[in-house]
Amino acid sequence: MSAIIEESRRAEGVSPPDGGSPDDARSTEGLTPSARQMPVVSGDSLLARLLADQQQLTAVEEFARQYDGDELPAQSRFYKSLIPASLPGPGQQYAFEVDLDRCSGCKACVTACHSLNGLDHNETWRDVGMLIGGTTELPVLQHVTTACHHCLEPGCMSACPVDAYEKDPITGIVKHLDDQCFGCQYCTLACPYDVPKYHSGLGIVRKCDMCSDRLAHGEAPACVQACPHEAIAIRIVSRAQVVEDCEANTFLPAAPEPQITLPTTSYKSKKVFPRNLLPVDFHSVSAQHPHWPLIVMLVLTQLSVGAFLVGLGLERLLSDELIAAIRPLHSLNALAFGLLALGASTLHLGRPQYAWRAVIGLRHSWLSREIVVFGAFAGAAVLYAVGNWFGFESLGLGPFVHDAVGWSVGAFGLVGVFCSVMIYAFTQRAFWSFPLTATRFALTTALLGIATTWVTLLALAVINNGPVTRLLVRRGDLVCEGLMIVTSLKLAFEAMVFRHLLRKQTTPLKRSALLMTGPLARWTQARFACGVLGGILLPMVLRSLIGDVAPSSPAMLIATAVMVNICLIGELLERYLFFAAVASPRMPGSLRP
């Protein structure tokens, strides 16, 4: 072998080690003694590659060298069995594993997560709750620690309009990109497990990322390292197995349905839990955050869409003279409410300066679609209102263009309302189901559209417009009757939720009914009072005044102003209950006020 090496040196012009330069000596620093004794061979010859391969340490040797040299984290000997030794393979990902038999509810994991991530006083990314059940003779109390489940199909990622979430293709960890977030908070509604937390000071949402930076360097996440009982571990799971487990609904007692997002966290126990094991806060109800900017936006966009649709419908029933008199003011009135609604929506953003990012998630987010469609609605409505005010003919446009723009406004408006419905139906909360939400939004659109049209007609009558005055005298009763019918239908539909109070089982809709008759009772009473007064009694009074009192009389003006404002307030109250009375799904927790 030495002869072959010497032959190779002479052939390649390499000096032997004894005659080497100081640079050659320095090049061997840091090598093992056996490596230093090996001959130095330059070039890209087969012999050079073979000798280089012999100097590479195996994974076991490398680990032993690091361990002997104190290069591993100081606490690794305590948690090295709780984290994977390798990256997930194809069809696998990281996941939390919780041993319920070991969890004592000490909340060391909560404290460690809070400290490591620098969270605010009331901010938590990991929580500890309780499950209770059993009998008086043999009660059962089980502590449960929960955090982000890094789902296979994360609801937060699908809902986000700015793509502020990403799922690592190798580890499966769902990360939140703080710099990308603009604080719309839609992910907090879309996550069934109440994981993303909104930080009002920063104007963004934040969540657990499984301490991915620590895992990347072979160190355990804060919660895993802090748990004194080793109740939390990081495991590699098969994604196909997760799907099968979620299909069998073996996630956790009384937790939200795992089929929604396919959570990967596994909870194991050797105990046989009683069938009545439920979260300690299962029977408690608490009002949810109302999101006032969204309340105003939803009500006013539906008012604007309804006003345009009612106006377009009237154009098919009235004479050209009446249409020419009504169009300019009515389209301008409807446009004003629509623009006000879009302006109010930006107040819900934690960082409104980045509102333009909302179009990024158009492929998968209903919120992005709603924003884009209502933007198109606003643009078409502006063109329609300007054309009606100055005359399409004066702009060189014919009747066909006028009709096309008008019906495009109506079409964009309807699609926008549909997107609004899907935003909440996507969350799969019972109170926000598609049939219930679609019926609410459609009736609000019709109710406020009729009320706004009545205001336009009365305003034109006050301006001494003869044809409109005659229209009110002849057909005003039909407008009042239409408003009364729609309001009656809407109030009856909203009251249907109270039938769930008769059910013995505590369902999400029963929780909503309990909220509306308990903590939110005054809001509920005010909503139905405004609905009856503004949508039924006052239209009845106006109907009786038509024909006997001039449209421009003080009595008619006062009754109309009061009616429209009370109808609007009633719908705002209804939308408040829509948000505040929804039963919010969450993981087992502690009793909350």
# chains A, B, ... in the order shown; residues from 1 in each chain; ligands from 1
$ residues_around --residues "Val497 (chain A)" --least-positions-apart "2" --cutoff "7 Å" --atoms "only C-alpha atoms" --output "list in words"
Glu494, Ala495, Arg499, His500, Leu509 and Ala513 of chain A
$ select_by_dssp --residues "region 421-556 of chain A" --states "helix (DSSP H, G or I)" --output "PyMOL selection string"
chain A and resi 421-425+430-432+434-462+466-502+508-517+521-545+554-556
$ atom_distance --atom1 "CA of Asp120 (chain A)" --atom2 "CA of Pro196 (chain A)"
14.4 Å
$ residues_around --residues "Asp213 (chain A)" --least-positions-apart "6" --cutoff "12 Å" --atoms "only C-alpha atoms" --output "list of chain:residue names"
A:Leu116, A:Asn117, A:Thr171, A:Ile173, A:Lys175, A:Glu219, A:Ala220, A:Pro221, A:Ala222
$ closest_residue --among "A:Val305, A:Val174, A:Ala385, A:Ala561" --to "Leu443 (chain A)" --atoms "only C-alpha atoms"
A:Val305
$ closest_atom_pairs --of "region 174-212 of chain A" --to "region 416-424 of chain A" --cutoff "12 Å" --atoms "only C-alpha atoms" --output "CSV"
residue,atom,partner,partner_atom,distance
A:Tyr186,CA,A:Ile423,CA,8.6
A:Cys187,CA,A:Ile423,CA,10.8
A:Thr188,CA,A:Tyr424,CA,11.8
A:Leu189,CA,A:Tyr424,CA,8.2
A:Ala190,CA,A:Tyr424,CA,8.2
A:Cys191,CA,A:Tyr424,CA,11.7
$ write_last_selection --atoms "N, CA and C atoms" --output "compact mmCIF listing (two decimals), in the first residue's frame"
# COMPACT_ATOMS: atom_id res chain seq x y z
N TYR A 186 -59.29 36.60 10.84
CA TYR A 186 -60.17 35.56 10.30
C TYR A 186 -59.72 34.17 10.73
N CYS A 187 -58.40 33.99 10.89
CA CYS A 187 -57.90 32.68 11.30
C CYS A 187 -58.37 32.31 12.70
N THR A 188 -58.61 33.31 13.56
CA THR A 188 -59.09 33.02 14.91
C THR A 188 -60.52 32.47 14.86
N LEU A 189 -61.26 32.79 13.81
CA LEU A 189 -62.61 32.24 13.64
C LEU A 189 -62.57 30.90 12.91
N ALA A 190 -61.60 30.72 12.03
CA ALA A 190 -61.55 29.51 11.21
C ALA A 190 -60.95 28.32 11.95
N CYS A 191 -60.12 28.57 12.96
CA CYS A 191 -59.51 27.46 13.69
C CYS A 191 -60.51 26.88 14.69
$ atom_distance --atom1 "CA of Asn333 (chain A)" --atom2 "CA of Ala307 (chain A)"
8.5 Å
$ closest_atom_pairs --of "region 453-570 of chain A" --to "region 254-276 of chain A" --cutoff "12 Å" --atoms "only C-alpha atoms" --output "JSON lines"
{"residue": "A:Thr506", "atom": "CA", "partner": "A:Ala254", "partner_atom": "CA", "distance": 11.4}
{"residue": "A:Thr507", "atom": "CA", "partner": "A:Ala254", "partner_atom": "CA", "distance": 11.3}
{"residue": "A:Pro508", "atom": "CA", "partner": "A:Pro256", "partner_atom": "CA", "distance": 11.0}
$ write_last_selection --atoms "N, CA and C atoms" --output "PDB file, in the first residue's frame"
ATOM      1  N   THR A 506     -76.849  19.559  25.495  1.00  0.00           N
ATOM      2  CA  THR A 506     -76.261  20.885  25.308  1.00  0.00           C
ATOM      3  C   THR A 506     -75.547  20.931  23.969  1.00  0.00           C
ATOM      4  N   THR A 507     -76.256  21.386  22.954  1.00  0.00           N
ATOM      5  CA  THR A 507     -75.702  21.498  21.610  1.00  0.00           C
ATOM      6  C   THR A 507     -75.188  22.916  21.383  1.00  0.00           C
ATOM      7  N   PRO A 508     -74.397  23.148  20.340  1.00  0.00           N
ATOM      8  CA  PRO A 508     -73.943  24.511  20.055  1.00  0.00           C
ATOM      9  C   PRO A 508     -75.096  25.493  19.866  1.00  0.00           C
TER      10      PRO A 508
END
$ atom_distance --atom1 "CA of Gln142 (chain A)" --atom2 "CA of Val98 (chain A)"
12.4 Å
$ closest_residue --among "A:Met540, A:Ala164, A:Val237, A:Ala287" --to "Arg511 (chain A)" --atoms "only C-alpha atoms"
A:Ala287
$ residues_around --residues "Arg527 (chain A)" --least-positions-apart "2" --cutoff "7 Å" --atoms "only C-alpha atoms" --output "list in words"
Trp523, Thr524, Gln525, Ala529, Cys530, Gly531, Gly570, Leu573 and Glu574 of chain A
$ select_by_dssp --residues "region 46-189 of chain A" --states "strand (DSSP E or B)" --output "PyMOL selection string"
chain A and resi 92-99+127-134+139-146+165-167+174-176
$ write_last_selection --atoms "C-alpha atoms" --output "compact mmCIF listing (two decimals), in the first residue's frame"
# COMPACT_ATOMS: atom_id res chain seq x y z
CA GLN A 92 -44.73 11.76 7.67
CA GLN A 93 -44.50 14.87 9.85
CA TYR A 94 -43.77 16.01 13.39
CA ALA A 95 -46.62 16.00 15.91
CA PHE A 96 -47.18 16.54 19.62
CA GLU A 97 -47.83 13.44 21.71
CA VAL A 98 -49.45 13.96 25.13
CA ASP A 99 -49.45 11.24 27.77
CA ASP A 127 -53.12 26.00 27.72
CA VAL A 128 -53.99 23.43 30.37
CA GLY A 129 -57.60 22.43 30.85
CA MET A 130 -59.59 19.78 32.64
CA LEU A 131 -61.97 16.98 31.78
CA ILE A 132 -64.37 15.78 34.46
CA GLY A 133 -66.80 12.90 34.61
CA GLY A 134 -67.48 9.61 36.31
CA PRO A 139 -65.22 10.80 40.07
CA VAL A 140 -62.70 11.33 37.28
CA LEU A 141 -60.60 14.45 36.77
CA GLN A 142 -58.16 14.58 33.87
CA HIS A 143 -55.78 17.45 33.08
CA VAL A 144 -55.11 18.15 29.41
CA THR A 145 -52.36 20.29 27.92
CA THR A 146 -53.08 21.68 24.46
CA TYR A 165 -49.41 30.77 7.25
CA GLU A 166 -47.19 28.11 5.76
CA LYS A 167 -46.91 24.38 6.40
CA VAL A 174 -47.61 25.15 10.59
CA LYS A 175 -45.85 28.49 11.01
CA HIS A 176 -47.30 31.99 11.16
